[in-house]
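K.L.:
Here it is, the structure, as structure tokens.
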Amino acid sequence: YNDAGAVIGVATGDMGIEKNGEPGPNYTRGMELLGKYTLIGEGVRGSLAKQLIAKFDLQRDREPQKFGIGIKELWQVKPEHHRPGLVQHSFGWPLGMKTGGGSFLYHLEDNLVAVGFVVHLNYKNPYLYPFEEFQRFKTHPAIRGTFEGGKRLSYGARAITEGGYQSVPKLTFPGGALIGCSAGLVNVPRIKGSHNAVLSGMLAAEKLAAAIEAGRSHDEVAEIENEWRKGDIGRDLKRVRNVKPLWSKFGTALGVALGGFDMWTNTLFGFSFFGTLKHGKTDAQSLEPASQHKPIAYPKPDGVLTFDRLSSVFLSNTNHEEDQPVHLKVKDMGLQKRSEHDIYAGPSTRYCPAGVYEWVEKDGQDTFVINAQNCVHCKTCDIKDPNQNINWVPPQGGEGPVYPNM
Ligand code: SF4
């Protein structure tokens, strides 16, 4: 920030900081990258976007952002099971009718099939285990045949924004703007956000180029905020704005039917019987105490079609230098024990798709263990911890999962 509080650039992280927080022998200071304007396009629940939204109060008068966790595998299937170009989507099973989510299955080239499952992160039951729901999904009779005799090649996970039109924060602030998934431009029923990410970059580029030409810098280019709702992105998101809240309120069977109806009236007549529905709670606030729910029994993995988390994380090629500060910051360990463990039965041990969090007994005490080296950077803990007590910060530069073909 400059003295006037405007953003003037970003600083890359320092390298070679040791676990104790002190510079080690390979210490290299980060670099400052300065510009007349800075566009923040760092994906869902970006760490810089999170700070900017708080600092400039960009979420004021907007609905809270909503999220899902998407878990995905890439398979090499037998040629006889491969139908190039086939796309299959589903919702519901095995989640039940009260929890939002669904699957995607894409037959790519070279006998490759991408399969994944999204669980909406406003689920209430802390015993829900998104990774296991995905594994169970692959066992459905209509799906499992695709993978018979095949080989799993890759694994990954990432949060997805789902709040849509009513949750998009104010995009501009002094010195820059949020774009892409940092702004939350995913169209949920289309399971697609890259089109709007590209369009938001184009809109920002046009407006910033004009501002720079006019000799401006480090001010707020309000034209971006003022125009996106009237353009292609706004039109795309407005039509589908009630699908997610209807799904959350009425469950999968009725909610999706009402959402479909609402999309038709919006598309054909530019009109909705529901107006613009609210999302209400954040995903963290949606979680209910474990005492109100029953544990869910998930089947054991067979190692052929279904797997455990650690063998999955291995396929994500995730890598973190061990001798560095833990990049998952728990603000108050006492609260984690009192609430996350004692009231919510440790949902982090289930919602994390990489098995980073464990509650283990050490010297007669329940202790929160963070296996930070396994983290696949999905950001779910930053979103779903019931007390917002976990803060994801970037680890040392360039580390994390490597998804060469995902
Ligand atoms: S630690 Fe958090 S960000 Fe990392 S994989 Fe687990 S839930 Fe995702």
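FYI, nothing fancy with the structure tokens labels: chains A, B, ... in order, residues from 1 per chain, ligands from 1 as they appear.
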Would you return as an mmCIF file with all heavy atoms, in the first residue's frame the members of stretch 296-395 of chain A that DSSP assigns to alpha helix (DSSP H) on this structure's backbone?
P.N.:
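Everything below was put into states-v4.cif:
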```
data_model
loop_
_atom_site.group_PDB
_atom_site.id
_atom_site.type_symbol
_atom_site.label_atom_id
_atom_site.label_comp_id
_atom_site.auth_asym_id
_atom_site.auth_seq_id
_atom_site.Cartn_x
_atom_site.Cartn_y
_atom_site.Cartn_z
ATOM 1 N N ARG A 309 -7.161 -41.539 1.587
ATOM 2 C CA ARG A 309 -6.686 -40.188 1.261
ATOM 3 C C ARG A 309 -5.184 -40.126 1.032
ATOM 4 O O ARG A 309 -4.723 -39.414 0.153
ATOM 5 C CB ARG A 309 -7.071 -39.216 2.382
ATOM 6 C CG ARG A 309 -8.449 -38.666 2.227
ATOM 7 C CD ARG A 309 -8.737 -37.594 3.241
ATOM 8 N NE ARG A 309 -8.525 -38.057 4.605
ATOM 9 C CZ ARG A 309 -8.938 -37.412 5.690
ATOM 10 N NH1 ARG A 309 -9.588 -36.280 5.567
ATOM 11 N NH2 ARG A 309 -8.705 -37.883 6.900
ATOM 12 N N LEU A 310 -4.423 -40.906 1.815
ATOM 13 C CA LEU A 310 -2.976 -40.730 1.682
ATOM 14 C C LEU A 310 -2.447 -41.220 0.343
ATOM 15 O O LEU A 310 -1.606 -40.577 -0.276
ATOM 16 C CB LEU A 310 -2.252 -41.391 2.853
ATOM 17 C CG LEU A 310 -2.407 -40.629 4.165
ATOM 18 C CD1 LEU A 310 -1.549 -41.230 5.260
ATOM 19 C CD2 LEU A 310 -2.116 -39.135 4.021
ATOM 20 N N SER A 311 -2.996 -42.348 -0.141
ATOM 21 C CA SER A 311 -2.536 -42.804 -1.463
ATOM 22 C C SER A 311 -3.015 -41.819 -2.533
ATOM 23 O O SER A 311 -2.394 -41.679 -3.587
ATOM 24 C CB SER A 311 -3.027 -44.223 -1.756
ATOM 25 O OG SER A 311 -4.436 -44.234 -1.849
ATOM 26 N N SER A 312 -4.101 -41.119 -2.268
ATOM 27 C CA SER A 312 -4.602 -40.128 -3.214
ATOM 28 C C SER A 312 -3.690 -38.908 -3.241
ATOM 29 O O SER A 312 -3.299 -38.424 -4.314
ATOM 30 C CB SER A 312 -6.021 -39.701 -2.829
ATOM 31 O OG SER A 312 -6.864 -40.825 -2.761
ATOM 32 N N VAL A 313 -3.329 -38.439 -2.044
ATOM 33 C CA VAL A 313 -2.461 -37.258 -1.970
ATOM 34 C C VAL A 313 -1.140 -37.528 -2.695
ATOM 35 O O VAL A 313 -0.578 -36.645 -3.347
ATOM 36 C CB VAL A 313 -2.203 -36.872 -0.492
ATOM 37 C CG1 VAL A 313 -1.147 -35.792 -0.391
ATOM 38 C CG2 VAL A 313 -3.488 -36.407 0.149
ATOM 39 N N PHE A 314 -0.670 -38.771 -2.621
ATOM 40 C CA PHE A 314 0.566 -39.132 -3.310
ATOM 41 C C PHE A 314 0.471 -38.790 -4.802
ATOM 42 O O PHE A 314 1.419 -38.302 -5.415
ATOM 43 C CB PHE A 314 0.831 -40.633 -3.105
ATOM 44 C CG PHE A 314 2.074 -41.119 -3.784
ATOM 45 C CD1 PHE A 314 3.328 -40.796 -3.274
ATOM 46 C CD2 PHE A 314 1.992 -41.881 -4.939
ATOM 47 C CE1 PHE A 314 4.480 -41.226 -3.917
ATOM 48 C CE2 PHE A 314 3.136 -42.316 -5.589
ATOM 49 C CZ PHE A 314 4.383 -41.991 -5.069
ATOM 50 N N LEU A 315 -0.735 -39.016 -5.377
ATOM 51 C CA LEU A 315 -0.919 -38.759 -6.813
ATOM 52 C C LEU A 315 -1.082 -37.267 -7.135
ATOM 53 O O LEU A 315 -1.161 -36.895 -8.299
ATOM 54 C CB LEU A 315 -2.154 -39.511 -7.331
ATOM 55 C CG LEU A 315 -2.081 -41.034 -7.348
ATOM 56 C CD1 LEU A 315 -3.382 -41.610 -7.881
ATOM 57 C CD2 LEU A 315 -0.919 -41.511 -8.212
ATOM 58 N N MET A 333 -5.509 -22.263 19.716
ATOM 59 C CA MET A 333 -5.539 -23.726 19.884
ATOM 60 C C MET A 333 -6.548 -24.159 20.952
ATOM 61 O O MET A 333 -7.146 -25.224 20.863
ATOM 62 C CB MET A 333 -4.155 -24.253 20.261
ATOM 63 C CG MET A 333 -3.310 -24.653 19.083
ATOM 64 S SD MET A 333 -4.077 -25.943 18.065
ATOM 65 C CE MET A 333 -2.840 -26.066 16.791
ATOM 66 N N GLY A 334 -6.728 -23.313 21.965
ATOM 67 C CA GLY A 334 -7.700 -23.620 23.019
ATOM 68 C C GLY A 334 -9.105 -23.701 22.435
ATOM 69 O O GLY A 334 -9.884 -24.611 22.754
ATOM 70 N N LEU A 335 -9.423 -22.768 21.569
ATOM 71 C CA LEU A 335 -10.739 -22.744 20.924
ATOM 72 C C LEU A 335 -10.911 -23.972 20.025
ATOM 73 O O LEU A 335 -11.993 -24.566 19.952
ATOM 74 C CB LEU A 335 -10.873 -21.458 20.089
ATOM 75 C CG LEU A 335 -12.159 -21.292 19.295
ATOM 76 C CD1 LEU A 335 -13.360 -21.190 20.221
ATOM 77 C CD2 LEU A 335 -12.081 -20.047 18.406
ATOM 78 N N SER A 348 -12.579 -31.062 10.677
ATOM 79 C CA SER A 348 -11.395 -30.860 9.824
ATOM 80 C C SER A 348 -10.768 -32.191 9.446
ATOM 81 O O SER A 348 -10.147 -32.314 8.390
ATOM 82 C CB SER A 348 -10.359 -29.994 10.534
ATOM 83 O OG SER A 348 -9.984 -30.612 11.755
ATOM 84 N N THR A 349 -10.934 -33.211 10.318
ATOM 85 C CA THR A 349 -10.336 -34.513 10.013
ATOM 86 C C THR A 349 -11.081 -35.187 8.865
ATOM 87 O O THR A 349 -10.598 -36.164 8.304
ATOM 88 C CB THR A 349 -10.375 -35.442 11.248
ATOM 89 O OG1 THR A 349 -11.747 -35.661 11.620
ATOM 90 C CG2 THR A 349 -9.633 -34.829 12.421
ATOM 91 N N ARG A 350 -12.262 -34.659 8.519
ATOM 92 C CA ARG A 350 -13.046 -35.226 7.417
ATOM 93 C C ARG A 350 -13.141 -34.296 6.205
ATOM 94 O O ARG A 350 -13.061 -34.730 5.075
ATOM 95 C CB ARG A 350 -14.451 -35.598 7.908
ATOM 96 C CG ARG A 350 -14.431 -36.778 8.888
ATOM 97 C CD ARG A 350 -15.788 -37.039 9.497
ATOM 98 N NE ARG A 350 -16.127 -36.062 10.504
ATOM 99 C CZ ARG A 350 -15.754 -36.126 11.786
ATOM 100 N NH1 ARG A 350 -15.039 -37.157 12.214
ATOM 101 N NH2 ARG A 350 -16.094 -35.183 12.631
ATOM 102 N N TYR A 351 -13.317 -32.976 6.439
ATOM 103 C CA TYR A 351 -13.502 -32.126 5.241
ATOM 104 C C TYR A 351 -12.216 -31.916 4.469
ATOM 105 O O TYR A 351 -12.253 -31.573 3.303
ATOM 106 C CB TYR A 351 -14.194 -30.795 5.566
ATOM 107 C CG TYR A 351 -13.469 -29.829 6.482
ATOM 108 C CD1 TYR A 351 -12.194 -29.354 6.186
ATOM 109 C CD2 TYR A 351 -14.083 -29.356 7.639
ATOM 110 C CE1 TYR A 351 -11.547 -28.454 7.011
ATOM 111 C CE2 TYR A 351 -13.454 -28.452 8.474
ATOM 112 C CZ TYR A 351 -12.177 -28.004 8.154
ATOM 113 O OH TYR A 351 -11.542 -27.125 8.971
ATOM 114 N N THR A 380 -10.382 -25.397 1.796
ATOM 115 C CA THR A 380 -11.615 -25.755 2.507
ATOM 116 C C THR A 380 -11.534 -25.428 3.998
ATOM 117 O O THR A 380 -12.514 -24.972 4.595
ATOM 118 C CB THR A 380 -11.920 -27.251 2.299
ATOM 119 O OG1 THR A 380 -12.026 -27.473 0.903
ATOM 120 C CG2 THR A 380 -13.226 -27.663 2.959
ATOM 121 N N CYS A 381 -10.381 -25.646 4.607
ATOM 122 C CA CYS A 381 -10.269 -25.382 6.054
ATOM 123 C C CYS A 381 -10.462 -23.906 6.347
ATOM 124 O O CYS A 381 -11.078 -23.540 7.347
ATOM 125 C CB CYS A 381 -8.925 -25.873 6.584
ATOM 126 S SG CYS A 381 -7.504 -25.324 5.631
ATOM 127 N N ASP A 382 -9.960 -23.063 5.465
ATOM 128 C CA ASP A 382 -10.101 -21.620 5.640
ATOM 129 C C ASP A 382 -11.581 -21.202 5.577
ATOM 130 O O ASP A 382 -11.995 -20.226 6.178
ATOM 131 C CB ASP A 382 -9.303 -20.921 4.524
ATOM 132 C CG ASP A 382 -9.057 -19.455 4.803
ATOM 133 O OD1 ASP A 382 -10.018 -18.668 4.746
ATOM 134 O OD2 ASP A 382 -7.905 -19.093 5.071
ATOM 135 N N ILE A 383 -12.361 -22.001 4.841
ATOM 136 C CA ILE A 383 -13.782 -21.685 4.633
ATOM 137 C C ILE A 383 -14.664 -22.350 5.678
ATOM 138 O O ILE A 383 -15.586 -21.735 6.211
ATOM 139 C CB ILE A 383 -14.209 -22.184 3.225
ATOM 140 C CG1 ILE A 383 -13.441 -21.435 2.145
ATOM 141 C CG2 ILE A 383 -15.718 -22.072 3.028
ATOM 142 C CD1 ILE A 383 -13.468 -22.126 0.785
ATOM 143 N N LYS A 384 -14.430 -23.623 5.970
ATOM 144 C CA LYS A 384 -15.421 -24.427 6.692
ATOM 145 C C LYS A 384 -15.179 -24.540 8.194
ATOM 146 O O LYS A 384 -16.079 -24.957 8.916
ATOM 147 C CB LYS A 384 -15.481 -25.831 6.040
ATOM 148 C CG LYS A 384 -16.616 -26.726 6.521
ATOM 149 C CD LYS A 384 -18.003 -26.166 6.246
ATOM 150 C CE LYS A 384 -19.102 -27.097 6.720
ATOM 151 N NZ LYS A 384 -20.426 -26.472 6.702
#
```
K.L.:
If we count only C-alpha atoms, what is near A:Phe131 at a cut-off of 10 Å, once residues fewer than 4 positions away on the same chain are taken out, given as a list of chain:residue names?
P.N.:
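In the requested form, the answer reads A:Ile69, A:Gly70, A:Ile71, A:Lys72, A:Phe117, A:Val118, A:Val119, A:Gln135, A:Arg136, A:Phe137, A:Ala157, A:Phe307, A:Asp308, A:Arg309, A:Arg350, A:Tyr351, A:Cys352, A:Pro353, A:Ala354, A:Gly355.
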K.L.:
Using only C-alpha atoms and all ligand atoms, which of A:Gly16, A:Ala253, A:Gly303, A:Gly46 sits nearest ligand 1?
P.N.:
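The shortest atom-to-atom distance to ligand 1 comes from A:Gly46.
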K.L.:
Would you mind telling me which residue in A:Gln396, A:Asn389, A:Ser291, A:Gln365 lies nearest to A:Gln336 when using only C-alpha atoms?
P.N.:
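The closest residue to A:Gln336 is A:Asn389.
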K.L.:
When you count only C-alpha atoms and all ligand atoms, which of these residues is closest to ligand 1: A:Gly280, A:Pro141, A:Gly156, A:Gly101?
P.N.:
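Closest to ligand 1 of all the choices is A:Gly156.
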K.L.:
What's around A:Lys192 at 12 Å? Count only C-alpha atoms, leave out sequence neighbours fewer than 3 positions away in its own chain, and write the answer as a count of residues only.
P.N.:
19
K.L.:
Point out the residue among A:Lys19, A:Arg60, A:Lys151, A:His120 with the least atom-to-atom distance to A:Leu305, counting only C-alpha atoms.
P.N.:
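Of the candidates, the smallest distance to A:Leu305 is held by A:Lys151.
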K.L.:
What does the structure give for the distance between atom CA of A:Leu58 and atom CA of A:Val168, in Å to one decimal?
P.N.:
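So the two atoms, atom CA of A:Leu58 and atom CA of A:Val168, lie 9.0 Å apart.
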K.L.:
Which one of A:Arg144, A:Lys294, A:Lys331, A:Arg62 sits closest to A:Tyr344 if you count only C-alpha atoms?
P.N.:
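Of all the options, A:Lys294 lies closest to A:Tyr344.
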K.L.:
Extract, using only C-alpha atoms, all DNA, RNA and protein residues at most 10 Å from A:Ala209, discarding same-chain residues fewer than 6 positions from it, and format them as a ChimeraX atom specification.
P.N.:
/A:37,215-216
K.L.:
Take the residues from that selection and write them out as a PDB file, in the first residue's frame, keeping all heavy atoms.
P.N.:
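Result file is result25.pdb:
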```
ATOM      1  N   TYR A  37      -1.667  -0.197 -11.414  1.00  0.00           N
ATOM      2  CA  TYR A  37      -2.844  -0.876 -10.879  1.00  0.00           C
ATOM      3  C   TYR A  37      -2.485  -2.340 -10.656  1.00  0.00           C
ATOM      4  O   TYR A  37      -1.635  -2.892 -11.362  1.00  0.00           O
ATOM      5  CB  TYR A  37      -4.033  -0.782 -11.851  1.00  0.00           C
ATOM      6  CG  TYR A  37      -4.533   0.630 -12.040  1.00  0.00           C
ATOM      7  CD1 TYR A  37      -4.238   1.339 -13.198  1.00  0.00           C
ATOM      8  CD2 TYR A  37      -5.297   1.246 -11.052  1.00  0.00           C
ATOM      9  CE1 TYR A  37      -4.683   2.643 -13.360  1.00  0.00           C
ATOM     10  CE2 TYR A  37      -5.743   2.549 -11.210  1.00  0.00           C
ATOM     11  CZ  TYR A  37      -5.437   3.241 -12.368  1.00  0.00           C
ATOM     12  OH  TYR A  37      -5.872   4.525 -12.519  1.00  0.00           O
ATOM     13  N   GLY A 215      -3.812   9.165 -17.790  1.00  0.00           N
ATOM     14  CA  GLY A 215      -2.818   9.630 -16.822  1.00  0.00           C
ATOM     15  C   GLY A 215      -3.137   9.268 -15.380  1.00  0.00           C
ATOM     16  O   GLY A 215      -2.525   9.796 -14.451  1.00  0.00           O
ATOM     17  N   ARG A 216      -4.067   8.359 -15.183  1.00  0.00           N
ATOM     18  CA  ARG A 216      -4.433   7.999 -13.815  1.00  0.00           C
ATOM     19  C   ARG A 216      -3.552   6.857 -13.293  1.00  0.00           C
ATOM     20  O   ARG A 216      -2.996   6.091 -14.069  1.00  0.00           O
ATOM     21  CB  ARG A 216      -5.900   7.526 -13.774  1.00  0.00           C
ATOM     22  CG  ARG A 216      -6.892   8.640 -14.028  1.00  0.00           C
ATOM     23  CD  ARG A 216      -8.267   8.093 -14.410  1.00  0.00           C
ATOM     24  NE  ARG A 216      -8.842   7.222 -13.372  1.00  0.00           N
ATOM     25  CZ  ARG A 216     -10.011   6.581 -13.516  1.00  0.00           C
ATOM     26  NH1 ARG A 216     -10.712   6.716 -14.636  1.00  0.00           N
ATOM     27  NH2 ARG A 216     -10.464   5.808 -12.556  1.00  0.00           N
TER      28      ARG A 216
END
```
K.L.:
Show me, as an mmCIF file with C-alpha atoms, in the first residue's frame, the residues that have an atom within 8 Å of A:Leu328 when counting only C-alpha atoms, minus same-chain residues fewer than 6 positions from it.
P.N.:
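What ended up in result22.cif:
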```cif
data_model
loop_
_atom_site.group_PDB
_atom_site.id
_atom_site.type_symbol
_atom_site.label_atom_id
_atom_site.label_comp_id
_atom_site.auth_asym_id
_atom_site.auth_seq_id
_atom_site.Cartn_x
_atom_site.Cartn_y
_atom_site.Cartn_z
ATOM 1 C CA ILE A 370 -1.327 -30.474 11.250
ATOM 2 C CA ALA A 372 0.980 -29.331 6.474
ATOM 3 C CA ILE A 390 -7.823 -21.612 10.599
ATOM 4 C CA ASN A 391 -6.115 -19.185 8.266
ATOM 5 C CA TRP A 392 -4.494 -20.548 5.109
ATOM 6 C CA VAL A 393 -1.412 -18.550 4.130
#
```
K.L.:
As a PyMOL selection string, list the residues of stretch 120-168 of chain A assigned to strand (DSSP E or B) by DSSP on the backbone atoms of this structure.
P.N.:
chain A and resi 120+151-161
K.L.:
Considering only C-alpha atoms, state which residue in the set A:Tyr123, A:Phe147, A:Phe91, A:Tyr1 is at the smallest distance from A:Gln285.
P.N.:
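Going through A:Tyr123, A:Phe147, A:Phe91, A:Tyr1 one by one, the smallest distance to A:Gln285 is for A:Tyr123.
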K.L.:
Need the shell around A:Ile179: protein/DNA/RNA residues with any atom at most 8 Å away, counting only C-alpha atoms. Skip same-chain ones fewer than 6 positions apart. Format as JSON, numbers by chain?
P.N.:
{"A": [39, 40, 41, 171, 197, 200, 201, 204]}
K.L.:
Dump N, CA and C atoms for the selected residues as a compact mmCIF listing (two decimals), in the first residue's frame?
P.N.:
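Ended up saving to part_12.txt:
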```txt
# COMPACT_ATOMS: atom_id res chain seq x y z
N LEU A 39 -4.23 -6.19 -10.39
CA LEU A 39 -5.41 -7.04 -10.50
C LEU A 39 -5.16 -8.31 -9.71
N ILE A 40 -6.11 -8.67 -8.87
CA ILE A 40 -5.96 -9.85 -8.02
C ILE A 40 -6.79 -10.98 -8.61
N GLY A 41 -6.11 -11.95 -9.21
CA GLY A 41 -6.78 -13.10 -9.80
C GLY A 41 -6.11 -14.36 -9.29
N LEU A 171 -15.93 -5.08 -6.70
CA LEU A 171 -14.72 -5.54 -7.38
C LEU A 171 -13.55 -4.57 -7.27
N ALA A 197 -14.21 -15.66 -15.83
CA ALA A 197 -12.88 -15.23 -15.40
C ALA A 197 -12.18 -14.49 -16.53
N SER A 200 -13.86 -11.15 -17.11
CA SER A 200 -13.57 -10.15 -16.08
C SER A 200 -12.16 -9.57 -16.27
N GLY A 201 -11.24 -10.42 -16.74
CA GLY A 201 -9.89 -9.92 -17.04
C GLY A 201 -9.92 -8.94 -18.20
N ALA A 204 -11.53 -5.63 -17.01
CA ALA A 204 -10.58 -4.87 -16.18
C ALA A 204 -9.47 -4.28 -17.05
```
